[in-house]
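Trainee: Sending over a structure as C-alpha cells; questions will come in a sec.
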Amino acid sequence: MAESAVPPAGPRRPQRSLLQVPALERRPPERTKASTLDSRVHNRSLVLATLYHEGPRSRSEIARATGLTAPTVSALVADLEEDGLVAHIGPRQDGARIGKPASLVRIEDDAVSLVVLDLSHNDRFSGAVLNLRGEAVERLDMPLGDALGPAAHELVLTLAAELVEAAPRRILGIGVGSPGIIDDTGTIRLAAHLGWTDLPLAAELTARFGIPAYVGNDVNLAALGVLHFRGARTQNLMVISIEHGVGAGLIVGGERVEGEQFAAGELGHVTVDEDGELCMCGRRGCLDLAISAGPLGRRLELAAEERWPALRSEAGRALGTVLAPIISVLNLNEIVLTGPPELVDGEFLDAAREIVRARTLGPVNTSLDIRSLAGDTDLTLLGGACLVLAAELGVF
C-alpha cells in the first residue's frame with residue numbers, strides 16, 4: 001500500500017462532538033447541582049444506551065426503561081433523529097398487542113464512522129473504519145519495519161490520515177490502542193519498544209484532525225472489546241495476551257482497572273523461576289521469558305517435535321501459577337487468552353486451566369471460564385471503538 005502524505009497541520013474546521021462530552025477526569029471537582037446541559041447529555045445517553053443494547057423500542061418503552069418523562073423522550077428522539085443517529089422504522093409487526101401499534105425507533109448503525117488504530121503488532125500498525133456496531137467498512141495496515149521514535153510516530157499520523165480520508169460518514173471519534181503505560185489524558189508515558197516517552201497522542205490527533213481522540217493501553221482495550229463485542233458473560237474478567245511480551249487487561253464491575261500509575265496488568269515481569277534465564281529487566285525467570293510468544297516459540301524451534309506438548313504445558317502451568325492468586329483475590333469469572341493459536345490453544349490452555357483449578361477454592365473456580373480467543377486480531381480495534389462510544393455517546 002502506498003503511503004499518503006500526512007495533511008499539514010493547518011486550520012481545519014473541527015467536527016462537532018454529537019454530545020459535546022469532555023474527557024472524563026479521574027477526580028472531577030465536587031458539584032452541588034447539575035446544569036441543564038449536563039442533564040440533557042445524560043438523558044441523551046440514557047436513550048441511546050437503551051436503543052443500542054435493547055434494540056428498536058417505542059417512545060413509551062424508552063420512557064419506562066429510562067425513567068424519563070414521555071415529553072422528554074419525544075424531544076430527545078427528535079433531536080437524535082435530526083442528528084441522524086436514530087430513525088423511525090414503522091409500527092411493530094408482531095401483532096401481540098391490541099390497538100394501534102406503536103411506532104418504533106432504532107439506532108442507525110451506519111450513521112457515523114469510528115476510526116480506530118491498533119499499534120500493538122511488532123511488524124505493522126493496523127487500523128479500521130467501523131460503524132456503531134463495530135463492523136469494519138474499511139481496513140488498512142501499514143508496515144512498521146524498523147521505525148522507532150519519531151519515525152513510528154509519523155506512521156501513526158499517516159495511518160490516521162488515510163483512515164479519516166476513507167471514512168464514508170462523519171467521524172464520531174478516533175480510538176487508539178497502544179502498548180505501554182498510558183494515562184487518562186491519552187498521553188503515552190512510556191512505550192519502550194516503540195521508543196516513545198510522554199507522547200500526547202490523543203491531544204495531537206484531536207488537534208490535527210479536529211475530531212475527538214482517545215488513547216488507551218492495547219490489552220486494556222482488548223478487554224473492553226471482549227466485554228462488549230465477544231460474548232462476555234460477566235462484568236469481572238481478565239484478558240491475557242502473550243503476543244508481544246505478556247500483558248493483562250482487567251475489568252472489574254464492568255470498568256477498566258488501570259492502577260494509580262496506569263500500569264495495572266503488567267504481569268510480564270513477575271518472577272516464576274528464581275534460577276531462570278536473565279530477563280531484559282535485569283531479573284531472572286520472569287513470566288515474559290516463560291510464556292510470551294517470542295521466547296516460547298524459540299524454545300519450540302530448538303526442541304524435538306515430540307517435546308513440544310511438554311514445553312507448551314510447562315508454559316501454561318507458569319501462567320496458571322501467576323493467575324491463581326489474582327483470580328482468588330478478585331473472584332474473576334472469566335479469563336480470555338490471546339496470542340498465536342499454535343501456542344495458546346491445546347496444551348498451554350489446558351495446563352493453565354488445570355493449575356488454576358488446583359490452586360483455587362471450589363466456590364471461586366466453579367463458575368470460572370478460561371477460554372481462548374487466540375488469533376482474534378480485532379479485539380484492540382473494538383476496544384478503541386468502546387472508548388469512542390463511551391465518551392461520545394455514553395452507550396457503555
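Chains: A, B, ... in order of the C-alpha cells. Residues: from 1 per chain. Ligands: from 1, in order shown.
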Write out as JSON, numbers by chain each polymer residue whose atoms come within 9 Å of Thr197 in chain A, counting only C-alpha atoms; drop sequence neighbours fewer than 4 positions from it.
Mentor: {"A": [149, 187, 188, 189, 190, 191, 192]}
Trainee: Let me see the file: selected residues, all heavy atoms, as a compact mmCIF listing (two decimals), in the first residue's frame.
Mentor:
```txt
# COMPACT_ATOMS: atom_id res chain seq x y z
N GLY A 149 10.56 5.67 17.57
CA GLY A 149 10.54 7.08 17.95
C GLY A 149 9.76 7.94 16.97
O GLY A 149 8.61 7.63 16.62
N THR A 187 -2.03 10.38 26.96
CA THR A 187 -0.59 10.57 26.78
C THR A 187 0.13 9.24 27.02
O THR A 187 -0.09 8.59 28.05
CB THR A 187 -0.03 11.63 27.74
OG1 THR A 187 -0.62 12.89 27.43
CG2 THR A 187 1.49 11.73 27.64
N ILE A 188 0.95 8.83 26.06
CA ILE A 188 1.73 7.61 26.20
C ILE A 188 2.97 7.95 27.02
O ILE A 188 3.92 8.54 26.52
CB ILE A 188 2.11 7.03 24.83
CG1 ILE A 188 0.84 6.73 24.02
CG2 ILE A 188 2.95 5.77 24.99
CD1 ILE A 188 1.11 6.31 22.59
N ARG A 189 2.93 7.59 28.28
CA ARG A 189 4.05 7.93 29.16
C ARG A 189 5.30 7.13 28.80
O ARG A 189 6.40 7.66 28.85
CB ARG A 189 3.67 7.67 30.61
CG ARG A 189 2.59 8.61 31.14
CD ARG A 189 2.36 8.41 32.62
NE ARG A 189 1.44 9.37 33.17
CZ ARG A 189 1.11 9.44 34.46
NH1 ARG A 189 1.63 8.56 35.31
NH2 ARG A 189 0.26 10.34 34.89
N LEU A 190 5.10 5.85 28.47
CA LEU A 190 6.24 5.03 28.08
C LEU A 190 5.76 3.88 27.22
O LEU A 190 4.91 3.10 27.63
CB LEU A 190 6.97 4.47 29.31
CG LEU A 190 8.16 3.54 29.03
CD1 LEU A 190 9.27 4.31 28.31
CD2 LEU A 190 8.67 2.91 30.31
N ALA A 191 6.29 3.80 26.00
CA ALA A 191 6.12 2.62 25.14
C ALA A 191 7.52 2.29 24.66
O ALA A 191 7.98 2.76 23.61
CB ALA A 191 5.18 2.91 23.98
N ALA A 192 8.23 1.47 25.45
CA ALA A 192 9.67 1.29 25.28
C ALA A 192 10.02 0.73 23.91
O ALA A 192 10.95 1.23 23.25
CB ALA A 192 10.21 0.37 26.37
```
Trainee: Pick out each residue of range 39-160 of chain A that DSSP on the backbone tags as strand (DSSP E); I need them as a PyMOL selection string.
Mentor: chain A and resi 57-58+86-91+103-107+113-118+124-130+136-143
Trainee: Would you kindly return, as a short mmCIF file (atom, residue, chain, number, x, y, z; two decimals) with N, CA and C atoms, in the first residue's frame, each protein, DNA or RNA residue with an atom no farther than 12 Å from any atom of Pro363 in chain A, considering only C-alpha atoms and excluding same-chain residues fewer than 2 positions away?
Mentor:
```cif
data_model
loop_
_atom_site.label_atom_id
_atom_site.label_comp_id
_atom_site.auth_asym_id
_atom_site.auth_seq_id
_atom_site.Cartn_x
_atom_site.Cartn_y
_atom_site.Cartn_z
N ILE A 327 -7.03 -14.43 40.55
CA ILE A 327 -8.41 -14.88 40.39
C ILE A 327 -9.08 -15.02 41.75
N SER A 328 -8.35 -15.54 42.73
CA SER A 328 -8.91 -15.72 44.07
C SER A 328 -9.20 -14.39 44.74
N ASN A 331 -12.04 -12.73 42.56
CA ASN A 331 -13.18 -13.59 42.22
C ASN A 331 -13.61 -13.36 40.77
N LEU A 332 -12.63 -13.42 39.86
CA LEU A 332 -12.92 -13.25 38.44
C LEU A 332 -13.66 -14.48 37.91
N ASN A 333 -14.57 -14.24 36.99
CA ASN A 333 -15.35 -15.34 36.41
C ASN A 333 -14.93 -15.71 35.00
N ARG A 357 -7.40 -24.33 38.65
CA ARG A 357 -8.42 -25.07 39.40
C ARG A 357 -7.80 -25.80 40.60
N THR A 360 -7.13 -22.94 43.49
CA THR A 360 -8.18 -22.04 43.96
C THR A 360 -9.31 -22.87 44.59
N LEU A 361 -10.07 -22.24 45.47
CA LEU A 361 -11.17 -22.92 46.13
C LEU A 361 -12.32 -23.20 45.16
N ASN A 365 -13.54 -21.35 41.59
CA ASN A 365 -13.31 -21.89 40.25
C ASN A 365 -14.52 -22.58 39.63
N THR A 366 -15.58 -22.80 40.42
CA THR A 366 -16.74 -23.49 39.86
C THR A 366 -17.36 -22.71 38.71
N SER A 367 -17.43 -21.40 38.85
CA SER A 367 -18.05 -20.57 37.82
C SER A 367 -17.02 -19.92 36.90
N LEU A 368 -15.75 -20.34 37.03
CA LEU A 368 -14.68 -19.72 36.24
C LEU A 368 -14.61 -20.33 34.84
#
```
Trainee: Quick one: residues within 10 Å of range 67-77 of chain A, only C-alpha atoms, excluding same-chain residues fewer than 4 positions away - as a list in words?
Mentor: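 Listed by chain and then number, they are Arg40, Val41, Asn43, Arg44, Ser45, Leu46, Val47, Leu48, Arg59, Ser60, Glu61, Ile62, Ala63, Glu81, Glu82, Asp83, Leu85, Val86, Ala87, His88, Val105 and Arg106 of chain A.
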Trainee: Would you list the contacts of Gly268 in chain A as a list in words, taking every protein, DNA or RNA residue within 6 Å and counting only C-alpha atoms, but skipping same-chain residues closer than 6 positions in sequence?
Mentor: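 Using only C-alpha atoms, the neighbours found are Val246, Leu287 and Asp288 of chain A.
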Trainee: Could those residues be written to a file, using N, CA, C and O atoms, as a CSV table (one decimal), in the first residue's frame?
Mentor:
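New file out.csv:
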```csv
chain,number,residue,atom,x,y,z
A,246,VAL,N,4.1,-10.2,27.8
A,246,VAL,CA,2.8,-10.6,28.5
A,246,VAL,C,2.2,-9.4,29.1
A,246,VAL,O,2.8,-8.6,29.8
A,287,LEU,N,8.0,-14.0,33.9
A,287,LEU,CA,6.9,-14.7,33.2
A,287,LEU,C,7.0,-14.5,31.7
A,287,LEU,O,6.7,-15.3,30.9
A,288,ASP,N,7.5,-13.3,31.3
A,288,ASP,CA,7.7,-13.0,29.9
A,288,ASP,C,8.5,-14.1,29.2
A,288,ASP,O,8.2,-14.5,28.1
```
Trainee: Hey, what's within 10 Å of Arg169 in chain A if we count only C-alpha atoms and toss same-chain stuff fewer than 6 positions away? As a list in words, please?
Mentor: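 Here the answer would be Asp110, Ala111, Val112, Ser113, Leu114, Val129 and Asn131 of chain A.
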Trainee: Using only C-alpha atoms for the distances, tell me which of A:Pro168, A:Gly216, A:Pro325, A:Gly282 is nearest to Leu117 in chain A.
Mentor: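 Selected residue with least distance to Leu117 in chain A: A:Gly216.
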Trainee: Which value, in Å to one decimal, gives the distance between CA of Val252 in chain A and CA of Leu237 in chain A?
Mentor: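 Separation of CA of Val252 in chain A and CA of Leu237 in chain A: 6.7 Å.
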Trainee: Apply DSSP to the structure's backbone, then extract all residues of range 61-303 of chain A labelled helix (DSSP H, G or I) and return them as a VMD selection string.
Mentor: chain A and resid 61 to 66 70 to 83 149 to 166 192 to 194 201 to 209 218 to 229 287 to 291 293 to 302
Trainee: Ranking A:Leu300, A:Val322, A:Val115, A:Ile335 by minimum distance to Ile211 in chain A and counting only C-alpha atoms, which one comes first?
Mentor: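 Using only C-alpha atoms, Ile211 in chain A sits closest to A:Val115.
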Trainee: Which one of A:Pro212, A:Asp146, A:Leu199, A:Asp273 sits closest to Gly173 in chain A if you count only C-alpha atoms?
Mentor: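 Closest to Gly173 in chain A, using only C-alpha atoms: A:Pro212.
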Trainee: Using only C-alpha atoms, which residue out of A:Ala303, A:Val164, A:Leu51, A:Ala324 lies closest to Thr206 in chain A?
Mentor: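 Once distances to Thr206 in chain A are computed over only C-alpha atoms, the minimum belongs to A:Val164.
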Trainee: With distances taken over only C-alpha atoms, which residue among A:Ala161, A:Ala318, A:Leu330, A:Leu373 lies nearest Ala352 in chain A?
Mentor: A:Ala318
Trainee: Between CA of Ala223 in chain A and CA of Gly285 in chain A, what is the distance, to one decimal in Å?
Mentor: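 Calculated distance between CA of Ala223 in chain A and CA of Gly285 in chain A is 26.6 Å.
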Trainee: Expressed in Å to a single decimal, how great is the separation between CA of Glu266 in chain A and CA of Pro295 in chain A?
Mentor: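 Result for CA of Glu266 in chain A versus CA of Pro295 in chain A: 17.6 Å, one decimal.
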Trainee: Write out as a short mmCIF file (atom, residue, chain, number, x, y, z; two decimals) with all heavy atoms, in the first residue's frame the residues lying within 12 Å of Asn220 in chain A, counting only C-alpha atoms and excluding same-chain residues fewer than 6 positions away.
Mentor:
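Contents of selection_18.cif, as written:
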```
data_model
loop_
_atom_site.label_atom_id
_atom_site.label_comp_id
_atom_site.auth_asym_id
_atom_site.auth_seq_id
_atom_site.Cartn_x
_atom_site.Cartn_y
_atom_site.Cartn_z
N SER A 120 -0.22 -2.31 18.40
CA SER A 120 0.41 -3.31 19.25
C SER A 120 1.24 -4.35 18.51
O SER A 120 2.00 -5.10 19.14
CB SER A 120 -0.66 -4.04 20.06
OG SER A 120 -1.51 -4.82 19.22
N VAL A 176 -7.55 4.71 19.83
CA VAL A 176 -6.22 4.14 19.56
C VAL A 176 -5.82 3.22 20.72
O VAL A 176 -5.91 3.61 21.88
CB VAL A 176 -5.15 5.24 19.39
CG1 VAL A 176 -3.79 4.61 19.08
CG2 VAL A 176 -5.56 6.23 18.32
N GLY A 177 -5.37 2.02 20.38
CA GLY A 177 -4.78 1.12 21.36
C GLY A 177 -3.28 1.03 21.12
O GLY A 177 -2.85 0.68 20.02
N SER A 178 -2.51 1.34 22.14
CA SER A 178 -1.05 1.33 22.02
C SER A 178 -0.45 0.53 23.15
O SER A 178 -0.98 0.51 24.26
CB SER A 178 -0.50 2.76 22.08
OG SER A 178 0.92 2.77 22.18
N PRO A 179 0.68 -0.16 22.90
CA PRO A 179 1.39 -0.76 24.03
C PRO A 179 1.95 0.33 24.93
O PRO A 179 2.11 1.48 24.51
CB PRO A 179 2.51 -1.55 23.35
CG PRO A 179 2.72 -0.87 22.03
CD PRO A 179 1.37 -0.36 21.62
N GLY A 180 2.22 -0.04 26.16
CA GLY A 180 2.87 0.90 27.06
C GLY A 180 1.97 1.40 28.17
O GLY A 180 0.83 0.96 28.35
N ILE A 181 2.50 2.33 28.93
CA ILE A 181 1.79 2.96 30.05
C ILE A 181 1.17 4.25 29.54
O ILE A 181 1.88 5.15 29.07
CB ILE A 181 2.74 3.21 31.22
CG1 ILE A 181 3.29 1.87 31.74
CG2 ILE A 181 2.05 3.97 32.34
CD1 ILE A 181 4.38 2.01 32.78
N ILE A 182 -0.15 4.35 29.64
CA ILE A 182 -0.89 5.46 29.03
C ILE A 182 -1.80 6.06 30.08
O ILE A 182 -2.58 5.34 30.73
CB ILE A 182 -1.70 4.97 27.82
CG1 ILE A 182 -0.75 4.36 26.79
CG2 ILE A 182 -2.51 6.12 27.20
CD1 ILE A 182 -1.43 3.54 25.73
N VAL A 226 -13.58 -7.60 24.41
CA VAL A 226 -14.19 -8.86 24.84
C VAL A 226 -15.49 -8.59 25.59
O VAL A 226 -16.51 -9.25 25.36
CB VAL A 226 -13.21 -9.66 25.72
CG1 VAL A 226 -13.91 -10.85 26.36
CG2 VAL A 226 -12.01 -10.13 24.89
N LEU A 227 -15.46 -7.63 26.50
CA LEU A 227 -16.62 -7.33 27.34
C LEU A 227 -17.84 -6.96 26.50
O LEU A 227 -18.95 -7.44 26.76
CB LEU A 227 -16.27 -6.20 28.30
CG LEU A 227 -17.39 -5.71 29.23
CD1 LEU A 227 -17.78 -6.81 30.23
CD2 LEU A 227 -16.97 -4.44 29.96
N LEU A 237 -13.61 -9.74 34.47
CA LEU A 237 -12.83 -10.61 33.59
C LEU A 237 -11.42 -10.07 33.39
O LEU A 237 -11.13 -8.91 33.71
CB LEU A 237 -13.53 -10.77 32.24
CG LEU A 237 -13.73 -9.53 31.36
CD1 LEU A 237 -12.56 -9.29 30.43
CD2 LEU A 237 -15.01 -9.64 30.56
N MET A 238 -10.57 -10.94 32.86
CA MET A 238 -9.21 -10.55 32.53
C MET A 238 -8.84 -11.12 31.17
O MET A 238 -9.18 -12.26 30.86
CB MET A 238 -8.22 -11.05 33.59
CG MET A 238 -6.76 -10.70 33.31
SD MET A 238 -5.61 -11.36 34.57
CE MET A 238 -5.94 -10.23 35.92
N VAL A 239 -8.17 -10.31 30.38
CA VAL A 239 -7.62 -10.75 29.10
C VAL A 239 -6.11 -10.81 29.23
O VAL A 239 -5.49 -9.83 29.68
CB VAL A 239 -8.03 -9.81 27.96
CG1 VAL A 239 -7.30 -10.17 26.66
CG2 VAL A 239 -9.54 -9.86 27.72
N ILE A 240 -5.53 -11.95 28.87
CA ILE A 240 -4.07 -12.13 28.91
C ILE A 240 -3.58 -12.26 27.48
O ILE A 240 -4.04 -13.12 26.73
CB ILE A 240 -3.67 -13.40 29.68
CG1 ILE A 240 -4.31 -13.43 31.07
CG2 ILE A 240 -2.15 -13.52 29.76
CD1 ILE A 240 -3.76 -12.41 32.01
N SER A 241 -2.64 -11.41 27.10
CA SER A 241 -2.03 -11.50 25.77
C SER A 241 -0.58 -11.96 25.90
O SER A 241 0.18 -11.43 26.73
CB SER A 241 -2.06 -10.14 25.08
OG SER A 241 -1.30 -10.18 23.88
N GLY A 247 0.90 -9.24 28.74
CA GLY A 247 0.12 -8.13 29.27
C GLY A 247 -1.25 -8.60 29.67
O GLY A 247 -1.76 -9.61 29.17
N ALA A 248 -1.86 -7.88 30.60
CA ALA A 248 -3.20 -8.23 31.07
C ALA A 248 -4.08 -7.00 31.07
O ALA A 248 -3.65 -5.91 31.47
CB ALA A 248 -3.13 -8.84 32.46
N GLY A 249 -5.31 -7.19 30.63
CA GLY A 249 -6.33 -6.16 30.74
C GLY A 249 -7.38 -6.64 31.71
O GLY A 249 -7.90 -7.75 31.59
N LEU A 250 -7.71 -5.81 32.70
CA LEU A 250 -8.58 -6.22 33.79
C LEU A 250 -9.85 -5.38 33.82
O LEU A 250 -9.79 -4.14 33.77
CB LEU A 250 -7.83 -6.08 35.12
CG LEU A 250 -8.57 -6.45 36.41
CD1 LEU A 250 -8.97 -7.92 36.38
CD2 LEU A 250 -7.68 -6.15 37.61
N ILE A 251 -10.99 -6.07 33.89
CA ILE A 251 -12.29 -5.43 34.02
C ILE A 251 -12.91 -5.89 35.33
O ILE A 251 -13.06 -7.09 35.57
CB ILE A 251 -13.23 -5.80 32.86
CG1 ILE A 251 -12.62 -5.46 31.50
CG2 ILE A 251 -14.59 -5.14 33.04
CD1 ILE A 251 -12.56 -3.99 31.18
N VAL A 252 -13.28 -4.96 36.19
CA VAL A 252 -13.95 -5.28 37.44
C VAL A 252 -15.21 -4.43 37.53
O VAL A 252 -15.14 -3.20 37.42
CB VAL A 252 -13.05 -5.03 38.66
CG1 VAL A 252 -13.83 -5.24 39.96
CG2 VAL A 252 -11.83 -5.95 38.63
N GLU A 255 -15.81 -2.05 34.60
CA GLU A 255 -14.92 -0.90 34.41
C GLU A 255 -13.47 -1.35 34.28
O GLU A 255 -13.04 -2.30 34.96
CB GLU A 255 -15.03 0.09 35.58
CG GLU A 255 -16.42 0.64 35.81
CD GLU A 255 -16.84 1.60 34.72
OE1 GLU A 255 -15.95 2.18 34.05
OE2 GLU A 255 -18.06 1.78 34.53
N ARG A 256 -12.71 -0.66 33.44
CA ARG A 256 -11.27 -0.93 33.33
C ARG A 256 -10.57 -0.62 34.65
O ARG A 256 -10.87 0.39 35.28
CB ARG A 256 -10.64 -0.06 32.24
CG ARG A 256 -10.86 -0.52 30.83
CD ARG A 256 -10.15 0.42 29.87
NE ARG A 256 -10.66 1.78 29.93
CZ ARG A 256 -10.02 2.86 29.50
NH1 ARG A 256 -8.80 2.74 28.99
NH2 ARG A 256 -10.57 4.05 29.57
N VAL A 257 -9.63 -1.47 35.02
CA VAL A 257 -8.76 -1.19 36.16
C VAL A 257 -7.39 -0.82 35.61
O VAL A 257 -6.72 -1.64 34.98
CB VAL A 257 -8.66 -2.41 37.09
CG1 VAL A 257 -7.67 -2.13 38.23
CG2 VAL A 257 -10.03 -2.78 37.64
N GLU A 258 -6.98 0.43 35.84
CA GLU A 258 -5.72 0.91 35.26
C GLU A 258 -4.62 1.09 36.29
O GLU A 258 -3.45 1.08 35.93
CB GLU A 258 -5.97 2.25 34.55
CG GLU A 258 -6.91 2.15 33.36
CD GLU A 258 -7.12 3.48 32.68
OE1 GLU A 258 -7.51 4.44 33.38
OE2 GLU A 258 -6.88 3.56 31.48
N GLY A 259 -4.99 1.29 37.56
CA GLY A 259 -3.98 1.49 38.60
C GLY A 259 -3.60 2.95 38.75
O GLY A 259 -3.81 3.77 37.87
N PHE A 262 -1.24 3.87 36.24
CA PHE A 262 -1.71 3.43 34.92
C PHE A 262 -0.94 2.21 34.42
O PHE A 262 -0.82 2.00 33.22
CB PHE A 262 -1.61 4.58 33.90
CG PHE A 262 -2.24 5.85 34.37
CD1 PHE A 262 -1.48 6.87 34.91
CD2 PHE A 262 -3.61 6.03 34.30
CE1 PHE A 262 -2.06 8.04 35.37
CE2 PHE A 262 -4.20 7.19 34.75
CZ PHE A 262 -3.43 8.20 35.28
N ALA A 263 -0.43 1.41 35.34
CA ALA A 263 0.40 0.26 34.96
C ALA A 263 -0.21 -1.06 35.41
O ALA A 263 0.49 -2.07 35.45
CB ALA A 263 1.80 0.41 35.55
N ALA A 264 -1.50 -1.09 35.74
CA ALA A 264 -2.14 -2.35 36.11
C ALA A 264 -2.04 -3.33 34.94
O ALA A 264 -2.14 -2.95 33.78
CB ALA A 264 -3.60 -2.11 36.48
N GLY A 265 -1.86 -4.59 35.27
CA GLY A 265 -1.80 -5.62 34.23
C GLY A 265 -0.41 -5.94 33.73
O GLY A 265 -0.25 -6.77 32.84
N GLU A 266 0.61 -5.32 34.31
CA GLU A 266 1.98 -5.60 33.88
C GLU A 266 2.48 -6.89 34.55
O GLU A 266 3.24 -6.87 35.51
CB GLU A 266 2.90 -4.42 34.22
CG GLU A 266 2.63 -3.16 33.41
CD GLU A 266 2.97 -3.33 31.94
OE1 GLU A 266 3.90 -4.11 31.63
OE2 GLU A 266 2.31 -2.70 31.10
N LEU A 379 -9.60 -7.43 18.61
CA LEU A 379 -10.00 -7.08 19.97
C LEU A 379 -9.60 -5.66 20.35
O LEU A 379 -10.39 -4.91 20.94
CB LEU A 379 -9.43 -8.08 20.97
CG LEU A 379 -9.94 -9.52 20.85
CD1 LEU A 379 -9.26 -10.39 21.90
CD2 LEU A 379 -11.45 -9.57 20.99
N THR A 380 -8.37 -5.27 20.05
CA THR A 380 -7.92 -3.92 20.41
C THR A 380 -8.65 -2.86 19.59
O THR A 380 -8.99 -1.79 20.10
CB THR A 380 -6.40 -3.80 20.25
OG1 THR A 380 -5.75 -4.69 21.17
CG2 THR A 380 -5.91 -2.39 20.51
N LEU A 381 -8.90 -3.14 18.32
CA LEU A 381 -9.67 -2.21 17.49
C LEU A 381 -11.07 -2.01 18.07
O LEU A 381 -11.56 -0.88 18.16
CB LEU A 381 -9.76 -2.73 16.06
CG LEU A 381 -8.46 -2.81 15.27
CD1 LEU A 381 -8.71 -3.47 13.91
CD2 LEU A 381 -7.83 -1.44 15.07
N LEU A 382 -11.70 -3.10 18.49
CA LEU A 382 -13.03 -2.99 19.07
C LEU A 382 -12.98 -2.24 20.40
O LEU A 382 -13.90 -1.47 20.72
CB LEU A 382 -13.63 -4.39 19.27
CG LEU A 382 -13.97 -5.14 17.99
CD1 LEU A 382 -14.32 -6.59 18.30
CD2 LEU A 382 -15.12 -4.46 17.25
N GLY A 383 -11.91 -2.43 21.15
CA GLY A 383 -11.75 -1.67 22.39
C GLY A 383 -11.60 -0.18 22.13
O GLY A 383 -12.11 0.65 22.89
N GLY A 384 -10.90 0.17 21.04
CA GLY A 384 -10.81 1.58 20.65
C GLY A 384 -12.18 2.15 20.34
O GLY A 384 -12.49 3.30 20.68
N CYS A 386 -14.91 1.13 21.72
CA CYS A 386 -15.57 1.29 23.01
C CYS A 386 -15.23 2.62 23.66
O CYS A 386 -16.09 3.28 24.26
CB CYS A 386 -15.18 0.15 23.95
SG CYS A 386 -15.82 -1.47 23.48
N LEU A 387 -13.96 3.03 23.56
CA LEU A 387 -13.56 4.33 24.13
C LEU A 387 -14.38 5.47 23.51
O LEU A 387 -14.87 6.35 24.20
CB LEU A 387 -12.08 4.59 23.88
CG LEU A 387 -11.03 3.79 24.65
CD1 LEU A 387 -9.65 4.33 24.36
CD2 LEU A 387 -11.30 3.84 26.15
#
```
